$ cat coords.cif   # mmCIF, C-alpha atoms
data_query
loop_
_atom_site.group_PDB
_atom_site.id
_atom_site.type_symbol
_atom_site.label_atom_id
_atom_site.label_comp_id
_atom_site.auth_asym_id
_atom_site.auth_seq_id
_atom_site.Cartn_x
_atom_site.Cartn_y
_atom_site.Cartn_z
ATOM 1 C CA MET J 34 -4.686 134.473 145.150
ATOM 2 C CA ASN J 35 -4.625 133.172 148.705
ATOM 3 C CA PHE J 36 -7.982 131.755 149.661
ATOM 4 C CA ASN J 37 -6.572 132.406 153.105
ATOM 5 C CA ARG J 38 -3.348 131.371 154.777
ATOM 6 C CA TYR J 39 -4.762 127.931 155.633
ATOM 7 C CA ILE J 40 -6.307 127.279 152.267
ATOM 8 C CA PRO J 41 -3.793 127.216 149.409
ATOM 9 C CA GLU J 42 -5.314 128.116 146.060
ATOM 10 C CA SER J 43 -3.969 124.918 144.485
ATOM 11 C CA GLU J 44 -6.054 122.857 146.915
ATOM 12 C CA PHE J 45 -9.170 124.965 146.437
ATOM 13 C CA SER J 46 -8.823 126.227 142.887
ATOM 14 C CA GLU J 47 -11.986 124.349 141.888
ATOM 15 C CA LEU J 48 -13.989 126.073 144.629
ATOM 16 C CA ALA J 49 -12.491 129.506 143.873
ATOM 17 C CA GLY J 50 -13.194 128.936 140.170
ATOM 18 C CA PHE J 51 -16.784 127.978 140.954
ATOM 19 C CA ILE J 52 -17.287 131.141 143.008
ATOM 20 C CA ARG J 53 -15.810 133.271 140.209
ATOM 21 C CA ARG J 54 -17.950 131.555 137.519
ATOM 22 C CA GLU J 55 -21.230 131.244 139.374
ATOM 23 C CA GLY J 56 -20.974 134.200 141.722
ATOM 24 C CA THR J 57 -22.130 137.736 141.196
ATOM 25 C CA ALA J 58 -19.800 140.715 141.294
ATOM 26 C CA CYS J 59 -20.914 142.851 144.231
ATOM 27 C CA PRO J 60 -19.320 146.200 144.986
ATOM 28 C CA PHE J 61 -19.443 147.505 148.569
ATOM 29 C CA ALA J 62 -19.013 151.114 149.630
ATOM 30 C CA ARG J 63 -17.041 151.817 152.778
ATOM 31 C CA GLY J 64 -19.229 150.921 155.768
ATOM 32 C CA GLU J 65 -21.686 148.851 153.735
ATOM 33 C CA ARG J 66 -22.523 145.498 155.323
ATOM 34 C CA LEU J 67 -22.367 142.009 153.914
ATOM 35 C CA SER J 68 -24.000 140.625 157.047
ATOM 36 C CA VAL J 69 -25.593 141.891 160.249
ATOM 37 C CA GLN J 70 -25.192 140.225 163.633
ATOM 38 C CA GLY J 71 -28.389 138.455 164.622
ATOM 39 C CA LEU J 72 -29.551 137.883 161.047
ATOM 40 C CA ARG J 73 -28.872 134.863 158.866
ATOM 41 C CA ILE J 74 -26.379 135.356 156.061
ATOM 42 C CA HIS J 75 -27.295 133.786 152.707
ATOM 43 C CA ARG J 76 -24.135 134.284 150.657
ATOM 44 C CA CYS J 77 -20.360 134.113 150.817
ATOM 45 C CA GLY J 78 -17.503 134.535 148.403
ATOM 46 C CA LEU J 79 -14.162 136.103 147.662
ATOM 47 C CA VAL J 80 -12.790 139.564 148.281
ATOM 48 C CA VAL J 81 -11.470 140.770 144.921
ATOM 49 C CA GLN J 82 -10.344 144.188 146.111
ATOM 50 C CA GLY J 83 -10.539 146.006 149.437
ATOM 51 C CA ALA J 84 -11.055 144.629 152.923
ATOM 52 C CA PHE J 85 -13.785 143.685 155.397
ATOM 53 C CA ARG J 86 -13.938 143.674 159.184
ATOM 54 C CA TYR J 87 -15.862 141.186 161.320
ATOM 55 C CA VAL J 88 -17.420 142.859 164.378
ATOM 56 C CA HIS J 89 -19.208 141.208 167.307
ATOM 57 C CA ALA J 90 -21.326 143.302 169.678
ATOM 58 C CA ASP J 91 -21.460 141.914 173.217
ATOM 59 C CA ALA J 92 -24.496 141.963 175.532
ATOM 60 C CA ALA J 93 -23.583 145.480 176.719
ATOM 61 C CA GLY J 94 -23.484 146.699 173.111
ATOM 62 C CA GLU J 95 -19.703 147.138 173.026
ATOM 63 C CA GLU J 96 -18.271 146.245 169.636
ATOM 64 C CA HIS J 97 -15.229 143.993 169.292
ATOM 65 C CA VAL J 98 -13.332 143.518 166.041
ATOM 66 C CA VAL J 99 -12.867 139.753 165.763
ATOM 67 C CA GLY J 100 -11.558 139.271 162.240
ATOM 68 C CA TYR J 101 -10.630 140.628 158.840
ATOM 69 C CA ALA J 102 -10.898 139.486 155.230
ATOM 70 C CA PHE J 103 -8.505 141.002 152.690
ATOM 71 C CA ALA J 104 -8.192 140.810 148.898
ATOM 72 C CA GLY J 105 -7.934 137.207 147.753
ATOM 73 C CA GLU J 106 -9.546 135.814 150.891
ATOM 74 C CA PHE J 107 -12.879 134.191 151.695
ATOM 75 C CA VAL J 108 -15.561 136.487 153.125
ATOM 76 C CA GLY J 109 -18.784 135.500 154.841
ATOM 77 C CA ASP J 110 -20.158 133.796 157.925
ATOM 78 C CA TYR J 111 -19.915 130.213 156.724
ATOM 79 C CA ILE J 112 -21.496 128.789 159.894
ATOM 80 C CA SER J 113 -24.556 131.028 159.640
ATOM 81 C CA MET J 114 -24.964 130.294 155.956
ATOM 82 C CA CYS J 115 -24.581 126.521 156.200
ATOM 83 C CA ASN J 116 -26.503 125.974 159.446
ATOM 84 C CA GLY J 117 -29.225 128.550 158.957
ATOM 85 C CA THR J 118 -28.397 130.226 162.264
ATOM 86 C CA PRO J 119 -28.196 133.941 162.984
ATOM 87 C CA SER J 120 -24.794 135.434 162.312
ATOM 88 C CA GLN J 121 -22.641 136.166 165.343
ATOM 89 C CA VAL J 122 -20.879 138.989 163.494
ATOM 90 C CA THR J 123 -21.499 142.009 161.366
ATOM 91 C CA ILE J 124 -19.260 141.998 158.300
ATOM 92 C CA GLU J 125 -18.644 145.439 156.822
ATOM 93 C CA ALA J 126 -16.450 146.952 154.155
ATOM 94 C CA MET J 127 -13.509 148.892 155.597
ATOM 95 C CA CYS J 128 -13.078 150.775 152.336
ATOM 96 C CA ASP J 129 -14.652 150.595 148.898
ATOM 97 C CA ALA J 130 -14.437 146.908 148.042
ATOM 98 C CA GLU J 131 -15.291 144.423 145.332
ATOM 99 C CA THR J 132 -16.418 140.861 145.939
ATOM 100 C CA VAL J 133 -17.729 137.890 144.045
ATOM 101 C CA LEU J 134 -20.536 136.313 146.062
ATOM 102 C CA VAL J 135 -22.461 133.100 145.643
ATOM 103 C CA PRO J 136 -25.735 132.145 147.387
ATOM 104 C CA GLY J 137 -25.439 129.440 150.018
ATOM 105 C CA GLY J 138 -27.936 127.217 148.225
ATOM 106 C CA ARG J 139 -25.867 127.352 145.047
ATOM 107 C CA LEU J 140 -22.707 126.462 146.982
ATOM 108 C CA GLU J 141 -24.529 123.551 148.639
ATOM 109 C CA ALA J 142 -25.684 122.326 145.205
ATOM 110 C CA PHE J 143 -22.063 122.509 143.982
ATOM 111 C CA TYR J 144 -20.900 120.375 146.916
ATOM 112 C CA SER J 145 -23.633 117.787 146.402
ATOM 113 C CA THR J 146 -22.843 117.034 142.737
ATOM 114 C CA ASP J 147 -20.313 114.297 143.545
ATOM 115 C CA ALA J 148 -18.165 112.779 146.290
ATOM 116 C CA ALA J 149 -15.055 114.764 145.321
ATOM 117 C CA ARG J 150 -16.885 118.064 145.731
ATOM 118 C CA GLU J 151 -18.394 116.928 149.016
ATOM 119 C CA ARG J 152 -14.846 116.182 150.191
ATOM 120 C CA LEU J 153 -13.812 119.642 148.986
ATOM 121 C CA GLY J 154 -16.570 121.222 151.090
ATOM 122 C CA ARG J 155 -15.566 119.184 154.131
ATOM 123 C CA THR J 156 -11.899 120.045 153.642
ATOM 124 C CA PHE J 157 -12.778 123.730 153.286
ATOM 125 C CA ALA J 158 -14.673 123.594 156.589
ATOM 126 C CA GLU J 159 -11.735 121.772 158.215
ATOM 127 C CA HIS J 160 -9.321 124.472 157.047
ATOM 128 C CA MET J 161 -11.606 127.170 158.416
ATOM 129 C CA LEU J 162 -11.702 125.321 161.746
ATOM 130 C CA ALA J 163 -7.886 125.202 161.719
ATOM 131 C CA GLU J 164 -7.812 128.975 161.255
ATOM 132 C CA VAL J 165 -10.174 129.540 164.182
ATOM 133 C CA TYR J 166 -8.231 127.077 166.344
ATOM 134 C CA GLU J 167 -4.923 128.795 165.623
ATOM 135 C CA ARG J 168 -6.441 132.202 166.374
ATOM 136 C CA LEU J 169 -7.732 130.843 169.688
ATOM 137 C CA LEU J 170 -4.300 129.487 170.578
ATOM 138 C CA ASP J 171 -2.644 132.743 169.498
ATOM 139 C CA ARG J 172 -5.026 134.690 171.704
ATOM 140 C CA TYR J 173 -3.755 132.776 174.738
ATOM 141 C CA ALA J 174 -0.182 131.867 173.801
ATOM 142 C CA ALA J 175 1.122 134.634 171.513
ATOM 143 C CA SER J 176 1.918 138.076 172.781
ATOM 144 C CA PRO J 177 -0.009 141.057 171.428
ATOM 145 C CA GLN J 178 3.182 142.109 169.641
ATOM 146 C CA GLN J 179 3.457 138.712 167.939
ATOM 147 C CA ARG J 180 -0.195 138.912 166.857
ATOM 148 C CA TYR J 181 0.368 142.472 165.575
ATOM 149 C CA GLU J 182 3.425 141.428 163.547
ATOM 150 C CA ALA J 183 1.573 138.414 162.093
ATOM 151 C CA LEU J 184 -1.338 140.618 161.044
ATOM 152 C CA LEU J 185 1.033 143.115 159.392
ATOM 153 C CA ALA J 186 2.696 140.251 157.516
ATOM 154 C CA ARG J 187 -0.730 139.140 156.267
ATOM 155 C CA CYS J 188 -1.740 142.665 155.219
ATOM 156 C CA PRO J 189 1.176 145.127 154.939
ATOM 157 C CA ASP J 190 -1.215 148.026 154.148
ATOM 158 C CA LEU J 191 -3.243 147.392 157.281
ATOM 159 C CA LEU J 192 -2.352 150.665 158.968
ATOM 160 C CA GLN J 193 -3.794 152.596 156.012
ATOM 161 C CA LEU J 194 -7.090 150.687 156.334
ATOM 162 C CA VAL J 195 -7.655 150.298 160.050
ATOM 163 C CA PRO J 196 -7.859 152.949 162.767
ATOM 164 C CA LEU J 197 -5.539 152.168 165.681
ATOM 165 C CA ARG J 198 -8.455 151.910 168.130
ATOM 166 C CA GLU J 199 -10.001 149.174 165.995
ATOM 167 C CA LEU J 200 -6.695 147.369 165.631
ATOM 168 C CA ALA J 201 -6.269 147.477 169.424
ATOM 169 C CA SER J 202 -9.734 145.903 169.766
ATOM 170 C CA TYR J 203 -8.766 143.090 167.402
ATOM 171 C CA LEU J 204 -5.528 142.445 169.302
ATOM 172 C CA GLY J 205 -7.316 142.559 172.647
ATOM 173 C CA VAL J 206 -5.257 145.437 174.040
ATOM 174 C CA ARG J 207 -5.828 149.057 174.980
ATOM 175 C CA PRO J 208 -4.888 151.688 172.366
ATOM 176 C CA GLU J 209 -2.015 152.875 174.603
ATOM 177 C CA THR J 210 -0.549 149.365 174.634
ATOM 178 C CA LEU J 211 -0.769 149.199 170.854
ATOM 179 C CA SER J 212 1.107 152.510 170.620
ATOM 180 C CA ARG J 213 3.950 151.038 172.712
ATOM 181 C CA ILE J 214 3.986 147.901 170.540
ATOM 182 C CA ARG J 215 4.160 150.010 167.376
ATOM 183 C CA ARG J 216 7.123 151.992 168.754
ATOM 184 C CA ARG J 217 9.000 148.752 169.512
ATOM 185 C CA VAL J 218 8.285 147.235 166.083
ATOM 186 C CA ARG J 219 9.297 150.226 163.949
#
$ encode --input "coords.cif" --output "structure tokens"
Amino acid sequence: MNFNRYIPESEFSELAGFIRREGTACPFARGERLSVQGLRIHRCGLVVQGAFRYVHADAAGEEHVVGYAFAGEFVGDYISMCNGTPSQVTIEAMCDAETVLVPGGRLEAFYSTDAARERLGRTFAEHMLAEVYERLLDRYAASPQQRYEALLARCPDLLQLVPLRELASYLGVRPETLSRIRRRVR
């Protein structure tokens, strides 16, 4: 299992094990939501099977795909859960999916049991920040084709899960541009 590409399982096996032991298996039907933008999220966990999209609606109501979580990866709005703030994203299942979710309060209790677990929580947050930072840099420094190829490397079955219009939104390009990129990559 990859907790995500920034969080090797060996470094976070204790946290992943905790989520598996203490969490609840939660199936999601395609389109079902784990969180809704504007509401606080109270749980997070691991994707066991399937995939989730993170969608942010702007002030005009236009939806932008801003992230994905695939099998073996963390899913949830960690900031909303930890800080008690409304979520900035809606997280929804892209297909029938299975997760193991743990309530935020239970995760906080796990972190507070000793200094090593507090460090684990801090390190987890630091790794998540690294992921966001790299995505920000990629958005400005990597070409759409490079971002497309990196996403395909992360999830080879992506094109079976994601409509091209949605993928174009995630990459920050028009669907026509994505079509040209796909022709070049084939």
$ residues_around --input "coords.cif" --residues "Phe107 in chain J" --least-positions-apart "3" --cutoff "10 Å" --atoms "only C-alpha atoms" --output "count of residues only"
20
$ atom_distance --input "coords.cif" --atom1 "CA of Ser212 in chain J" --atom2 "CA of Val195 in chain J"
13.9 Å
$ closest_residue --input "coords.cif" --among "J:Arg155, J:Arg53, J:His89, J:Arg139" --to "Glu125 in chain J" --atoms "only C-alpha atoms"
J:His89
$ closest_residue --input "coords.cif" --among "J:Val98, J:Ala62, J:Val135, J:Val88" --to "Gly205 in chain J" --atoms "only C-alpha atoms"
J:Val98
$ residues_around --input "coords.cif" --residues "Ala201 in chain J" --least-positions-apart "4" --cutoff "10 Å" --atoms "all atoms listed in the file" --output "PyMOL selection string"
chain J and resi 97-98+177+181+195-197+205-212
$ atom_distance --input "coords.cif" --atom1 "CA of Gln179 in chain J" --atom2 "CA of Glu96 in chain J"
23.1 Å
$ axis_aligned_box --input "coords.cif" --around "range 204-211 of chain J" --padding-each-side "3 Å" --output "AutoDock Vina command-line options"
--center_x -3.9 --center_y 147.7 --center_z 172.1 --size_x 12.8 --size_y 16.4 --size_z 11.7
